[in-house]
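J.: Input file: data.csv. Contents: CSV, C-alpha atoms.
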chain,number,residue,atom,x,y,z
X,99,MET,CA,-23.3,39.2,-5.3
X,100,ASP,CA,-21.7,41.7,-7.6
X,101,ALA,CA,-20.0,40.7,-10.8
X,102,GLY,CA,-16.5,41.3,-9.3
X,103,HIS,CA,-17.0,38.4,-6.9
X,104,ASP,CA,-18.3,35.9,-9.4
X,105,VAL,CA,-16.6,32.5,-9.0
X,106,SER,CA,-14.7,31.6,-12.2
X,107,PRO,CA,-15.2,28.2,-13.8
X,108,LEU,CA,-11.6,27.3,-13.0
X,109,ASP,CA,-12.1,28.2,-9.3
X,110,THR,CA,-15.1,25.9,-9.2
X,111,ALA,CA,-13.1,23.2,-11.0
X,112,THR,CA,-10.2,23.6,-8.6
X,113,LYS,CA,-12.5,23.2,-5.5
X,114,GLN,CA,-14.1,20.1,-7.0
X,115,PHE,CA,-10.7,18.6,-7.7
X,116,VAL,CA,-9.4,19.4,-4.2
X,117,ALA,CA,-12.4,17.9,-2.6
X,118,ALA,CA,-12.0,14.7,-4.6
X,119,ARG,CA,-8.2,14.5,-4.4
X,120,PRO,CA,-7.9,12.3,-1.2
X,121,ARG,CA,-10.2,9.7,-2.8
X,122,LEU,CA,-8.2,9.9,-6.1
X,123,PHE,CA,-4.9,9.4,-4.3
X,124,GLY,CA,-6.4,6.6,-2.2
X,125,ILE,CA,-7.5,4.7,-5.3
X,126,ALA,CA,-4.2,5.3,-7.2
X,127,TYR,CA,-2.1,4.3,-4.2
X,128,ARG,CA,-4.0,1.1,-3.6
X,129,MET,CA,-3.7,0.3,-7.3
X,130,LEU,CA,0.1,1.1,-7.5
X,131,GLY,CA,1.6,0.5,-4.1
X,132,SER,CA,3.5,3.7,-4.6
X,133,ALA,CA,2.8,7.1,-3.2
X,134,VAL,CA,5.1,8.7,-5.8
X,135,GLU,CA,3.2,7.1,-8.7
X,136,ALA,CA,-0.1,7.9,-7.1
X,137,GLU,CA,0.8,11.6,-6.9
X,138,ASP,CA,1.7,11.5,-10.6
X,139,VAL,CA,-1.7,10.1,-11.4
X,140,CYS,CA,-3.4,12.8,-9.3
X,141,GLN,CA,-1.3,15.5,-11.1
X,142,GLU,CA,-2.2,14.2,-14.6
X,143,THR,CA,-5.9,13.9,-13.6
X,144,TRP,CA,-5.8,17.6,-12.6
X,145,VAL,CA,-4.3,18.5,-15.9
X,146,ARG,CA,-7.0,16.6,-17.8
X,147,TRP,CA,-9.7,18.1,-15.6
X,148,GLN,CA,-8.4,21.6,-16.4
X,149,ASN,CA,-8.5,20.9,-20.1
X,150,ALA,CA,-11.8,19.0,-20.2
X,151,ASP,CA,-15.1,20.4,-21.4
X,152,ARG,CA,-16.6,20.6,-18.0
X,153,THR,CA,-20.0,22.0,-19.1
X,154,ASN,CA,-21.3,18.5,-19.8
X,155,VAL,CA,-19.9,16.9,-16.7
X,156,VAL,CA,-22.9,16.1,-14.4
X,157,GLU,CA,-20.9,14.4,-11.6
X,158,PRO,CA,-17.4,15.8,-11.3
X,159,VAL,CA,-16.3,13.1,-8.8
X,160,ALA,CA,-17.4,10.3,-11.1
X,161,PHE,CA,-15.5,11.9,-14.0
X,162,LEU,CA,-12.3,12.4,-11.9
X,163,THR,CA,-12.5,8.9,-10.5
X,164,THR,CA,-12.8,7.4,-14.0
X,165,VAL,CA,-9.8,9.5,-15.3
X,166,ALA,CA,-7.6,8.6,-12.3
X,167,THR,CA,-8.5,4.9,-12.4
X,168,ARG,CA,-7.7,4.6,-16.1
X,169,LEU,CA,-4.4,6.5,-15.7
X,170,ALA,CA,-3.6,4.2,-12.8
X,171,ILE,CA,-4.3,1.1,-14.9
X,172,ASN,CA,-1.9,2.4,-17.6
X,173,THR,CA,0.7,3.2,-14.9
X,174,ALA,CA,0.4,-0.2,-13.4
X,175,GLN,CA,1.0,-1.9,-16.8
X,176,SER,CA,4.3,0.1,-17.3
X,177,ALA,CA,5.2,-0.3,-13.6
X,178,ARG,CA,5.0,-4.1,-13.9
X,179,VAL,CA,7.8,-4.0,-16.6
X,180,ARG,CA,10.0,-1.8,-14.4
X,181,ARG,CA,9.5,-4.0,-11.3
X,182,GLU,CA,10.6,-7.0,-13.3
X,183,ALA,CA,14.0,-5.3,-13.5
X,184,TYR,CA,14.0,-4.3,-9.8
X,185,VAL,CA,16.9,-5.6,-7.8
X,186,GLY,CA,15.7,-8.0,-5.1
X,187,PRO,CA,12.2,-8.2,-3.7
X,188,TRP,CA,9.9,-5.3,-4.4
X,189,LEU,CA,7.7,-4.1,-1.5
X,190,PRO,CA,5.0,-1.3,-1.6
X,191,GLU,CA,6.1,2.2,-0.6
X,192,PRO,CA,4.8,2.6,3.0
X,193,ILE,CA,2.6,5.4,4.0
X,194,ASP,CA,2.5,7.0,7.5
X,195,THR,CA,-1.3,6.6,8.0
X,196,GLY,CA,-0.9,8.0,11.5
X,197,ALA,CA,0.2,11.4,10.0
X,198,ASP,CA,-2.1,11.0,6.9
X,199,PRO,CA,-5.3,9.2,8.0
X,200,GLN,CA,-7.1,10.3,4.9
X,201,VAL,CA,-5.4,7.5,2.9
X,202,GLY,CA,-7.5,5.0,4.8
X,203,ALA,CA,-10.4,7.3,5.4
X,204,GLU,CA,-13.0,5.7,3.2
X,205,ARG,CA,-12.3,2.2,4.4
X,206,THR,CA,-9.0,0.8,5.6
X,207,GLU,CA,-9.5,-2.1,3.1
X,208,ALA,CA,-6.7,-2.8,0.7
X,209,VAL,CA,-4.2,-0.4,2.3
X,210,GLU,CA,-2.1,-2.9,4.4
X,211,MET,CA,1.3,-3.6,3.1
X,212,ALA,CA,0.7,-7.4,2.7
X,213,VAL,CA,-2.5,-6.8,0.8
X,214,LEU,CA,-0.8,-4.4,-1.6
X,215,LEU,CA,2.0,-6.9,-2.1
X,216,LEU,CA,-0.5,-9.7,-3.0
X,217,LEU,CA,-2.5,-7.3,-5.3
X,218,GLU,CA,0.7,-7.1,-7.4
X,219,LYS,CA,-0.1,-10.6,-8.7
X,220,LEU,CA,-3.4,-9.4,-10.2
X,221,ASN,CA,-3.7,-7.8,-13.6
X,222,PRO,CA,-4.3,-4.0,-13.4
X,223,VAL,CA,-8.0,-4.2,-14.3
X,224,GLU,CA,-8.7,-6.9,-11.7
X,225,ARG,CA,-6.9,-4.8,-9.2
X,226,ALA,CA,-8.8,-1.7,-10.1
X,227,ALA,CA,-12.1,-3.5,-9.8
X,228,TYR,CA,-11.2,-4.9,-6.4
X,229,VAL,CA,-9.9,-1.6,-5.0
X,230,LEU,CA,-13.0,0.4,-6.2
X,231,ARG,CA,-15.4,-2.3,-4.9
X,232,GLU,CA,-13.8,-3.3,-1.6
X,233,ALA,CA,-12.1,-0.1,-0.4
X,234,PHE,CA,-14.5,2.5,-1.9
X,235,ASP,CA,-17.8,0.5,-2.2
X,236,TYR,CA,-18.5,1.4,-5.8
X,237,PRO,CA,-21.7,-0.2,-7.2
X,238,TYR,CA,-21.0,-2.7,-10.0
X,239,ARG,CA,-22.9,-0.6,-12.5
X,240,GLU,CA,-20.5,2.4,-11.9
X,241,LEU,CA,-17.5,0.0,-11.9
X,242,ALA,CA,-18.6,-1.3,-15.3
X,243,ASP,CA,-18.7,2.3,-16.7
X,244,ILE,CA,-15.3,3.2,-15.2
X,245,LEU,CA,-13.6,0.0,-16.5
X,246,GLU,CA,-15.5,0.1,-19.9
X,247,THR,CA,-16.8,-3.5,-19.5
X,248,SER,CA,-20.1,-5.2,-18.6
X,249,GLU,CA,-21.5,-5.4,-15.1
X,250,ALA,CA,-21.3,-9.2,-15.2
X,251,ASN,CA,-17.6,-9.0,-16.0
X,252,THR,CA,-16.9,-6.5,-13.2
X,253,ARG,CA,-18.5,-9.0,-10.8
X,254,GLN,CA,-16.1,-11.7,-12.1
X,255,LEU,CA,-13.1,-9.4,-11.8
X,256,VAL,CA,-13.9,-8.7,-8.2
X,257,SER,CA,-14.7,-12.3,-7.4
X,258,ARG,CA,-11.3,-13.5,-8.9
X,259,ALA,CA,-9.4,-10.9,-6.9
X,260,ARG,CA,-11.2,-11.9,-3.6
X,261,LYS,CA,-10.4,-15.6,-4.3
X,262,HIS,CA,-6.8,-14.8,-4.9
X,263,LEU,CA,-6.4,-12.9,-1.6
X,264,ALA,CA,-8.4,-15.6,0.3
X,265,THR,CA,-6.1,-18.3,-1.1
X,266,GLU,CA,-2.9,-16.3,-0.3
X,267,ARG,CA,-3.8,-14.8,3.0
X,268,ARG,CA,-5.2,-16.3,6.3
X,269,GLU,CA,-7.6,-14.4,8.4
X,270,ARG,CA,-6.0,-11.6,10.3
X,271,VAL,CA,-5.7,-11.1,14.1
X,272,SER,CA,-6.9,-8.0,16.0
X,273,ARG,CA,-4.8,-4.8,16.1
X,274,ASP,CA,-3.8,-5.4,19.7
X,275,GLU,CA,-2.7,-9.0,19.0
X,276,HIS,CA,-0.8,-7.8,15.9
X,277,GLN,CA,1.0,-5.2,18.1
X,278,ARG,CA,1.7,-7.7,20.8
X,279,LEU,CA,3.3,-10.2,18.4
X,280,LEU,CA,5.3,-7.5,16.7
X,281,LYS,CA,6.7,-6.5,20.1
X,282,VAL,CA,7.7,-10.1,21.0
X,283,PHE,CA,9.2,-10.5,17.5
X,284,LEU,CA,11.2,-7.3,17.7
X,285,THR,CA,12.7,-8.2,21.1
X,286,ALA,CA,13.5,-11.7,19.9
X,287,ALA,CA,15.1,-10.4,16.7
X,288,GLN,CA,17.1,-7.8,18.5
X,289,THR,CA,18.5,-10.3,21.0
X,290,GLY,CA,18.9,-13.2,18.6
X,291,ASP,CA,16.5,-15.3,20.7
X,292,LEU,CA,15.9,-18.3,18.5
X,293,LYS,CA,13.4,-20.0,20.7
X,294,SER,CA,11.2,-16.9,21.0
X,295,LEU,CA,11.4,-16.3,17.3
X,296,GLU,CA,10.2,-19.9,16.6
X,297,GLN,CA,7.2,-19.4,18.9
X,298,VAL,CA,5.9,-16.3,17.0
X,299,LEU,CA,6.7,-17.2,13.4
X,300,ALA,CA,4.3,-19.2,11.2
X,301,ALA,CA,5.7,-22.4,9.7
X,302,ASP,CA,5.6,-21.0,6.2
X,303,VAL,CA,6.7,-17.5,7.1
X,304,VAL,CA,8.4,-15.4,4.4
X,305,SER,CA,10.9,-12.5,5.1
X,306,TYR,CA,11.2,-9.9,2.3
X,307,SER,CA,13.9,-7.2,2.3
X,308,ASP,CA,13.4,-4.4,-0.2
X,309,GLY,CA,16.7,-2.6,-0.6
X,310,GLY,CA,16.3,-1.7,-4.2
X,311,GLY,CA,19.9,-2.7,-4.8
X,312,VAL,CA,21.1,0.1,-2.6
X,313,ARG,CA,21.5,-1.5,0.7
X,314,GLY,CA,22.9,-4.9,1.9
X,315,ALA,CA,19.5,-6.4,1.9
X,316,SER,CA,18.8,-10.0,1.0
X,317,ARG,CA,18.3,-10.2,-2.7
X,318,ILE,CA,15.8,-13.1,-2.4
X,319,PRO,CA,13.0,-13.8,0.0
X,320,VAL,CA,13.9,-16.0,2.9
X,321,VAL,CA,11.2,-18.8,3.2
X,322,GLY,CA,10.1,-21.1,6.1
X,323,LEU,CA,10.5,-21.0,9.8
X,324,PRO,CA,13.9,-22.7,10.2
X,325,HIS,CA,15.5,-20.5,7.5
X,326,VAL,CA,13.9,-17.2,8.6
X,327,SER,CA,14.6,-17.7,12.3
X,328,ARG,CA,18.3,-18.6,11.7
X,329,TYR,CA,18.6,-15.7,9.3
X,330,LEU,CA,17.3,-13.3,11.9
X,331,VAL,CA,19.7,-14.6,14.6
X,332,ALA,CA,22.7,-14.2,12.3
X,333,PHE,CA,21.5,-10.8,11.3
X,334,ALA,CA,21.0,-9.5,14.9
X,335,PRO,CA,24.6,-8.6,16.0
X,336,ARG,CA,25.3,-6.7,12.7
X,337,PHE,CA,22.0,-4.8,12.5
X,338,TRP,CA,20.6,-4.0,16.0
X,339,PRO,CA,23.4,-2.7,18.3
X,340,GLU,CA,23.6,0.8,16.6
X,341,ALA,CA,19.8,1.0,15.9
X,342,ASP,CA,17.4,3.4,17.4
X,343,ILE,CA,13.8,2.1,17.4
X,344,ARG,CA,10.7,4.2,16.9
X,345,TRP,CA,7.1,2.9,17.0
X,346,VAL,CA,5.1,4.3,14.1
X,347,GLU,CA,2.0,3.4,12.0
X,348,ALA,CA,2.4,2.2,8.4
X,349,ASN,CA,-0.6,1.5,6.2
X,350,GLY,CA,-3.0,1.3,9.1
X,351,ARG,CA,-0.9,-1.1,11.2
X,352,PRO,CA,1.7,-0.8,13.9
X,353,ALA,CA,5.2,-0.7,12.5
X,354,VAL,CA,8.8,0.0,13.6
X,355,LEU,CA,11.1,2.6,12.1
X,356,VAL,CA,14.7,1.6,12.6
X,357,ARG,CA,17.2,4.5,12.5
X,358,SER,CA,20.9,4.6,12.7
X,359,GLY,CA,23.1,7.8,13.0
X,360,GLY,CA,19.9,9.9,12.5
X,361,ASN,CA,19.0,8.2,9.2
X,362,ALA,CA,16.2,5.8,8.6
X,363,VAL,CA,17.6,2.4,7.6
X,364,ALA,CA,14.5,0.2,7.7
X,365,LEU,CA,10.8,0.2,8.2
X,366,LEU,CA,9.7,-3.2,9.7
X,367,THR,CA,6.1,-4.4,9.2
X,368,VAL,CA,4.6,-7.8,9.6
X,369,ASP,CA,1.5,-9.7,8.6
X,370,VAL,CA,-0.1,-11.7,11.3
X,371,SER,CA,-2.7,-14.5,11.4
X,372,ALA,CA,-3.7,-17.0,14.1
X,373,GLU,CA,-0.8,-19.2,12.9
X,374,GLY,CA,1.7,-16.4,13.9
X,375,ILE,CA,3.7,-14.0,11.8
X,376,ASP,CA,3.2,-15.0,8.1
X,377,ARG,CA,5.2,-12.2,6.4
X,378,ILE,CA,8.0,-10.0,7.6
X,379,MET,CA,8.6,-7.0,5.4
X,380,TRP,CA,11.7,-4.8,5.7
X,381,VAL,CA,11.6,-1.7,3.6
X,382,MET,CA,15.2,-0.6,3.3
X,383,ASN,CA,15.2,1.3,0.0
X,384,PRO,CA,16.2,4.9,1.0
X,385,ALA,CA,13.9,6.4,-1.7
X,386,LYS,CA,10.9,4.6,0.0
X,387,LEU,CA,12.0,5.7,3.5
X,388,ALA,CA,12.7,9.4,2.7
X,389,PRO,CA,9.1,10.6,2.7
X,390,TYR,CA,8.5,8.6,5.8
X,391,MET,CA,11.4,10.2,7.6
X,392,ALA,CA,10.3,13.7,6.4
X,393,SER,CA,6.8,13.1,7.9
X,394,LEU,CA,8.4,12.2,11.2
X,395,ASP,CA,10.6,15.3,11.2
X,396,ASN,CA,7.5,17.6,10.9
Can you turn what I pasted into structure tokens?
T.:
Amino acid sequence: MDAGHDVSPLDTATKQFVAARPRLFGIAYRMLGSAVEAEDVCQETWVRWQNADRTNVVEPVAFLTTVATRLAINTAQSARVRREAYVGPWLPEPIDTGADPQVGAERTEAVEMAVLLLLEKLNPVERAAYVLREAFDYPYRELADILETSEANTRQLVSRARKHLATERRERVSRDEHQRLLKVFLTAAQTGDLKSLEQVLAADVVSYSDGGGVRGASRIPVVGLPHVSRYLVAFAPRFWPEADIRWVEANGRPAVLVRSGGNAVALLTVDVSAEGIDRIMWVMNPAKLAPYMASLDN
């Protein structure tokens, strides 16, 4: 190869970053529940990689993962403060995994909406440990290096996170059963069929509406089968007659995009166990629906 075609160090660094980027985004998104914040983490990781002394970096992916994880931990700490001031329930920003399967490419673990919602209750370091271990299968020794703690402590962090999720979430049903129950639920919700709703909802079902203060969404979660079913029946005549329904995929599960007048007004996702539908999640915040709508228009 003549000197005119030598690859510059920055070209090499760029290729290394581009190759690692899907993983970096996947880690940051699972840690933050926000595609926008995950993109910011990736961008800042790129800036730091450009400015780093790369001559001593033996494993670029390990270096980039460490930078992105620590940035995501810092972002999660500040995001927690912002979310305390959020109007109404906060739900993760959904991702169209049908259009962007790379988000769930390593393993689909820790990408579902309900899991991201439950992970919010963990502290950021516990969440990082869980995500890196469960979704990306990092060995505990590497985890300890990334999180700047002992191997024994990383095992405790992951164990605590697993216990938290096991306590908060029953075992899931198959994808086909999930879709079947969501279809039954959607028809019952559209028609205000109280009896059918009562048959598919779990006794302790919770309905969350994330409108971010912009839409007329419920400002508090609706809890328990009697309250949720009656709420949905009352909601039906105001919400569904003008609605156009499109089946989509969100965070690795079937979901329903509700449009009205050409605009996205809600993304409906559910969490389903053998007991029935445990969680109903209505993402109605326009900022969280905009990227979703854009991906459908492509």
J.: Have a look at X:Ala212, X:Val223, X:Leu366, X:Val321 and name the one nearest to X:Ala287; count only C-alpha atoms.
T.: X:Leu366
J.: Kindly provide the residues of stretch 206-312 of chain X that approach stretch 159-170 of chain X to within 8 Å, each paired with its closest atom pair and their distance in Å to one decimal, based on only C-alpha atoms, listed by chain and increasing number, as a Markdown table.
T.:
| residue | atom | partner | partner_atom | distance |
| --- | --- | --- | --- | --- |
| X:Ala226 | CA | X:Thr167 | CA | 7.0 |
| X:Ile244 | CA | X:Thr164 | CA | 5.0 |
| X:Leu245 | CA | X:Arg168 | CA | 7.5 |
J.: Give as a list in words the set of residues within 8 Å of the point (14.1, 6.9, 16.3), where distances use the file's coordinates and all atoms listed in the file.
T.: Asp342, Ile343, Arg344, Leu355, Val356, Arg357 and Gly360 of chain X
J.: If I take atom CA of X:Met129 and atom CA of X:Arg178, how far is one from the other in Å, to one decimal?
T.: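 So the answer is 11.8 Å.
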J.: Residues of stretch 310-376 of chain X that have any atom at most 7 Å from an atom of stretch 270-276 of chain X: could you tabulate them with the shortest-distance atom pair and the distance in Å to one decimal, using all atoms listed in the file, ordered by chain and increasing number, as a Markdown table?
T.:
| residue | atom | partner | partner_atom | distance |
| --- | --- | --- | --- | --- |
| X:Val370 | CA | X:Arg270 | CA | 6.0 |
| X:Ser371 | CA | X:Arg270 | CA | 4.5 |
| X:Ala372 | CA | X:Val271 | CA | 6.2 |
J.: Out of X:Met211, X:Ile318, X:Ala227, X:Ala264, which residue has the shortest atom-to-atom distance to X:Tyr184 when counting all atoms listed in the file?
T.: X:Ile318
J.: So that I can check the surroundings of X:His262, please list as a PDB file with C-alpha atoms, keeping the file's coordinate frame every protein, DNA and RNA residue that reaches within 12 Å of it, counting all atoms listed in the file and ignoring chain neighbours fewer than 6 positions away.
T.:
ATOM      1  CA  VAL X 213      -2.500  -6.800   0.800  1.00  0.00           C
ATOM      2  CA  LEU X 216      -0.500  -9.700  -3.000  1.00  0.00           C
ATOM      3  CA  LEU X 217      -2.500  -7.300  -5.300  1.00  0.00           C
ATOM      4  CA  GLU X 218       0.700  -7.100  -7.400  1.00  0.00           C
ATOM      5  CA  LYS X 219      -0.100 -10.600  -8.700  1.00  0.00           C
ATOM      6  CA  LEU X 220      -3.400  -9.400 -10.200  1.00  0.00           C
ATOM      7  CA  ASN X 221      -3.700  -7.800 -13.600  1.00  0.00           C
ATOM      8  CA  GLU X 224      -8.700  -6.900 -11.700  1.00  0.00           C
ATOM      9  CA  ARG X 225      -6.900  -4.800  -9.200  1.00  0.00           C
ATOM     10  CA  TYR X 228     -11.200  -4.900  -6.400  1.00  0.00           C
ATOM     11  CA  LEU X 255     -13.100  -9.400 -11.800  1.00  0.00           C
ATOM     12  CA  VAL X 256     -13.900  -8.700  -8.200  1.00  0.00           C
ATOM     13  CA  ARG X 268      -5.200 -16.300   6.300  1.00  0.00           C
TER      14      ARG X 268
END
J.: Identify, on the basis of only C-alpha atoms, every residue whose closest approach to X:Arg152 does not exceed 10 Å; exclude the query and any residue fewer than 5 positions from it along the same chain; express the result as a tab-separated table (two decimals) with C-alpha atoms, keeping the file's coordinate frame.
T.:
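The result, written out as selection.tsv:
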chain	number	residue	atom	x	y	z
X	107	PRO	CA	-15.20	28.20	-13.80
X	108	LEU	CA	-11.60	27.30	-13.00
X	111	ALA	CA	-13.10	23.20	-11.00
X	147	TRP	CA	-9.70	18.10	-15.60
X	157	GLU	CA	-20.90	14.40	-11.60
X	158	PRO	CA	-17.40	15.80	-11.30
X	161	PHE	CA	-15.50	11.90	-14.00
J.: Rounded to one decimal in Å, what is the spacing between atom CA of X:Arg128 and atom CA of X:Leu214?
T.: 6.7 Å
J.: My list of candidates is X:Val209, X:Leu263, X:Val179, X:Ala150. Which is closest to X:Asn349 when distances are computed with only C-alpha atoms?
T.: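 Residue with the minimum atom-to-atom distance to X:Asn349: X:Val209.
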J.: What is the atom CA of X:Leu295 to atom CA of X:Ser307 distance in Å?
T.: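 Straight-line distance from atom CA of X:Leu295 to atom CA of X:Ser307 works out to 17.7 Å.
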J.: Set the distance at 8 Å and use only C-alpha atoms: which residues neighbour X:Trp380 once local chain neighbours fewer than 3 positions away are removed? I'd like the list as JSON, numbers by chain.
T.: {"X": [305, 306, 307, 308, 364, 365, 366, 367]}
J.: Of the candidates X:Ala136, X:Ile171, X:Val320, X:Leu279, which one gets nearest to X:Met379 if we count only C-alpha atoms?
T.: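 Looking only at the distances to X:Met379, the closest residue turns out to be X:Val320.
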J.: As a count of residues only, please: the residues near X:Met391 (cut-off 10 Å, only C-alpha atoms, same-chain neighbours under 5 positions excluded).
T.: 10
J.: At a cut-off of 9 Å around the point (2.1, -17.8, 11.8) (file coordinates), what residues fall inside when counting only C-alpha atoms? I'd like the answer as a ChimeraX atom specification.
T.: /X:297-303,369-377
J.: In terms of the shortest atom-to-atom distance over only C-alpha atoms, which of X:Phe337, X:Trp345, X:Glu207, X:Val229 is closest to X:Ser358?
T.: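 Closest to X:Ser358, using only C-alpha atoms: X:Phe337.
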J.: Between X:Ser132, X:Ser106, X:Ser176, X:Thr285, which residue has the minimum interatomic distance to X:Pro192, considering only C-alpha atoms?
T.: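 Nearest candidate to X:Pro192 out of X:Ser132, X:Ser106, X:Ser176, X:Thr285: X:Ser132.
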